[in-house]
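Report on one structure; see the data block that follows.
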Amino acid sequence: MLYIVPTPVGNLEDMTFRGIKTLKEADLILSEDTRTSSVLLRHFDIHTPLMSYHMHNEHEKVGSIISQLKEGKTIALVSDAGTPGISDPGFLLSRECRREGIRVQCLPGATAFVPALVASGLPCDRFVFEGFLSPKKGRATRLQQLSEETRTVVIYESPKRLERTLRQLAEYFGPERESSVVREISKIHETCHNGTLGELGAYFAEHPAKGEIVIVIEGAKGK
């Protein structure tokens, strides 16, 4: 059995009882960054062995992991924060388990874009999750496509690229499109800034952001 276990995106108290129990009972924990995961494990007195598993080594390690699962081991996969597979390693291993007939169970838990979307005040009954936009190839084409999307659009962004991205969004979506920029979700310095893309772009040009960021954008008006 492979368990995919969400971990807190900020406050450690967001960890579920079931997630803690699963990590304690697993034979092995696959971790995006063992240093980050070690903090979580120490906090909850979890002593399960850790093994590094991230985007730079997942292709070379997936075969060995599948072999261990076939031998009967219970393995848990975690990322630095949130749910593995959502802009973090997880898809490749889950796909290979499916191909090999190995059961995969994903526990419910923290995902950064869900609280950002719900708190934005923008429609959340139907939405598009885009993850991180490509920094170069195909970026302009994708922005043009998303500008015509009638559902709410959700994007992840780094603080270093936030100002540029908001400027580009205003260019393609229009500066009057209602939006929300949420940063440091579930942490002490969590903030949520609402306004138009033009207003938010001007604000963050004067107030550089820090931490992990989610941008939520109102969908285009239907014809």
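Letters A, B, ... go to the chains of the structure tokens in the order shown; residues in each chain start at 1; ligands are counted from 1 in the same order.
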
I'd like the contact shell of stretch 172-182 of chain A - 9 Å cut-off, only C-alpha atoms, skipping same-chain residues fewer than 5 positions apart - returned as a CSV table (one decimal) with N, CA, C and O atoms, in the first residue's frame.
chain,number,residue,atom,x,y,z
A,116,ALA,N,-7.1,29.6,-0.1
A,116,ALA,CA,-6.9,30.8,-0.9
A,116,ALA,C,-8.1,31.1,-1.7
A,116,ALA,O,-8.6,32.2,-1.8
A,117,LEU,N,-8.6,30.1,-2.4
A,117,LEU,CA,-9.7,30.2,-3.3
A,117,LEU,C,-11.0,30.6,-2.5
A,117,LEU,O,-11.7,31.5,-2.9
A,119,ALA,N,-11.3,31.8,0.5
A,119,ALA,CA,-11.2,33.1,1.2
A,119,ALA,C,-11.2,34.3,0.3
A,119,ALA,O,-11.4,35.5,0.7
A,120,SER,N,-11.0,34.1,-1.0
A,120,SER,CA,-10.9,35.2,-2.0
A,120,SER,C,-12.2,35.9,-2.2
A,120,SER,O,-12.2,37.1,-2.6
A,121,GLY,N,-13.3,35.3,-1.9
A,121,GLY,CA,-14.6,35.9,-2.2
A,121,GLY,C,-15.0,35.8,-3.6
A,121,GLY,O,-16.1,36.3,-4.0
A,122,LEU,N,-14.2,35.1,-4.4
A,122,LEU,CA,-14.5,34.9,-5.9
A,122,LEU,C,-15.2,33.6,-6.0
A,122,LEU,O,-15.1,32.7,-5.1
A,140,ALA,N,3.0,33.2,-22.9
A,140,ALA,CA,2.1,34.2,-23.5
A,140,ALA,C,0.9,33.5,-24.1
A,140,ALA,O,-0.3,34.0,-23.9
A,143,LEU,N,-1.4,32.5,-21.1
A,143,LEU,CA,-2.0,33.6,-20.5
A,143,LEU,C,-3.2,34.1,-21.4
A,143,LEU,O,-4.3,34.4,-20.8
A,144,GLN,N,-3.0,34.1,-22.7
A,144,GLN,CA,-4.1,34.5,-23.6
A,144,GLN,C,-5.3,33.5,-23.4
A,144,GLN,O,-6.5,33.9,-23.4
A,146,LEU,N,-6.1,31.6,-20.8
A,146,LEU,CA,-6.7,31.7,-19.5
A,146,LEU,C,-7.5,33.0,-19.4
A,146,LEU,O,-8.4,33.1,-18.6
A,147,SER,N,-7.1,34.0,-20.1
A,147,SER,CA,-7.8,35.3,-20.0
A,147,SER,C,-9.3,35.1,-20.5
A,147,SER,O,-10.1,35.9,-20.2
A,148,GLU,N,-9.5,34.1,-21.3
A,148,GLU,CA,-10.9,33.9,-21.9
A,148,GLU,C,-11.6,32.8,-21.1
A,148,GLU,O,-12.8,32.5,-21.4
A,167,ARG,N,1.7,42.0,-13.5
A,167,ARG,CA,1.7,43.0,-14.6
A,167,ARG,C,1.3,42.3,-15.9
A,167,ARG,O,0.5,42.9,-16.6
A,190,GLU,N,0.2,35.3,7.6
A,190,GLU,CA,-0.7,35.1,6.5
A,190,GLU,C,-1.4,36.4,6.1
A,190,GLU,O,-1.9,37.1,7.0
A,191,THR,N,-1.5,36.7,4.8
A,191,THR,CA,-2.2,37.9,4.4
A,191,THR,C,-3.1,37.6,3.2
A,191,THR,O,-2.7,36.7,2.4
A,192,CYS,N,-4.1,38.4,3.0
A,192,CYS,CA,-5.0,38.2,1.8
A,192,CYS,C,-5.3,39.6,1.3
A,192,CYS,O,-6.0,40.4,2.0
A,193,HIS,N,-4.8,39.9,0.1
A,193,HIS,CA,-5.1,41.2,-0.5
A,193,HIS,C,-6.1,41.1,-1.7
A,193,HIS,O,-5.8,40.3,-2.6
A,194,ASN,N,-7.2,41.8,-1.6
A,194,ASN,CA,-8.2,41.7,-2.7
A,194,ASN,C,-8.2,43.0,-3.4
A,194,ASN,O,-8.0,44.1,-2.9
A,195,GLY,N,-8.5,42.9,-4.7
A,195,GLY,CA,-8.6,44.2,-5.5
A,195,GLY,C,-8.5,43.8,-7.0
A,195,GLY,O,-8.6,42.6,-7.4
A,196,THR,N,-8.4,44.7,-7.9
A,196,THR,CA,-8.3,44.5,-9.3
A,196,THR,C,-6.8,44.1,-9.6
A,196,THR,O,-5.9,44.4,-8.7
A,197,LEU,N,-6.6,43.5,-10.7
A,197,LEU,CA,-5.2,43.2,-11.1
A,197,LEU,C,-4.3,44.4,-11.1
A,197,LEU,O,-3.1,44.4,-10.7
A,198,GLY,N,-4.9,45.5,-11.6
A,198,GLY,CA,-4.1,46.8,-11.7
A,198,GLY,C,-3.8,47.2,-10.3
A,198,GLY,O,-2.6,47.7,-10.0
A,199,GLU,N,-4.7,47.2,-9.3
A,199,GLU,CA,-4.5,47.6,-8.0
A,199,GLU,C,-3.5,46.8,-7.3
A,199,GLU,O,-2.5,47.3,-6.6
A,200,LEU,N,-3.6,45.5,-7.4
A,200,LEU,CA,-2.7,44.5,-6.8
A,200,LEU,C,-1.3,44.7,-7.3
A,200,LEU,O,-0.3,44.6,-6.6
A,201,GLY,N,-1.2,44.9,-8.7
A,201,GLY,CA,0.1,45.0,-9.3
A,201,GLY,C,0.8,46.3,-8.7
A,201,GLY,O,2.0,46.2,-8.4
A,212,GLU,N,5.2,31.9,0.3
A,212,GLU,CA,4.5,31.2,-0.8
A,212,GLU,C,3.2,31.9,-1.1
A,212,GLU,O,2.5,32.4,-0.2
A,213,ILE,N,2.9,32.0,-2.4
A,213,ILE,CA,1.8,32.9,-2.9
A,213,ILE,C,0.8,32.1,-3.8
A,213,ILE,O,1.2,31.3,-4.6
A,214,VAL,N,-0.5,32.4,-3.6
A,214,VAL,CA,-1.5,31.9,-4.5
A,214,VAL,C,-2.3,33.1,-5.0
A,214,VAL,O,-2.6,34.0,-4.3
A,215,ILE,N,-2.4,33.2,-6.4
A,215,ILE,CA,-3.2,34.2,-7.0
A,215,ILE,C,-4.5,33.7,-7.5
A,215,ILE,O,-4.5,32.6,-8.2
A,216,VAL,N,-5.6,34.3,-7.1
A,216,VAL,CA,-6.9,33.9,-7.6
A,216,VAL,C,-7.5,35.0,-8.4
A,216,VAL,O,-7.5,36.2,-8.0
A,217,ILE,N,-8.0,34.6,-9.6
A,217,ILE,CA,-8.5,35.6,-10.6
A,217,ILE,C,-9.9,35.3,-11.0
A,217,ILE,O,-10.2,34.2,-11.4
A,218,GLU,N,-10.7,36.4,-11.0
A,218,GLU,CA,-12.1,36.3,-11.5
A,218,GLU,C,-12.1,35.8,-13.0
A,218,GLU,O,-11.3,36.2,-13.8
A,219,GLY,N,-13.1,34.9,-13.3
A,219,GLY,CA,-13.2,34.4,-14.6
A,219,GLY,C,-13.8,35.5,-15.5
A,219,GLY,O,-14.4,36.5,-15.1
A,220,ALA,N,-13.6,35.3,-16.9
A,220,ALA,CA,-14.1,36.2,-17.8
A,220,ALA,C,-15.6,36.2,-17.8
A,220,ALA,O,-16.2,35.2,-17.6

ask   = DSSP on the backbone: what in stretch 66-187 of chain A comes out alpha helix (DSSP H), as a PyMOL selection string?
value = chain A and resi 66-70+91-99+113-119+139-147+162-173

request  = Using DSSP on the backbone coordinates, identify the residues of chain A assigned to strand (DSSP E); present them as an MDAnalysis selection string.
outcome  = chainID A and resid 2:4 28:31 50:52 75:78 104:106 127:132 152:157 178:183 191:196 213:217

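Between A:His47 and the candidates A:Lys61, A:Arg139, A:Lys21, A:Lys210, the tightest atom-to-atom separation, counting only C-alpha atoms, involves A:Lys21.
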
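Separating atom CA of A:Leu77 from atom CA of A:Glu130 is a distance of 22.8 Å.
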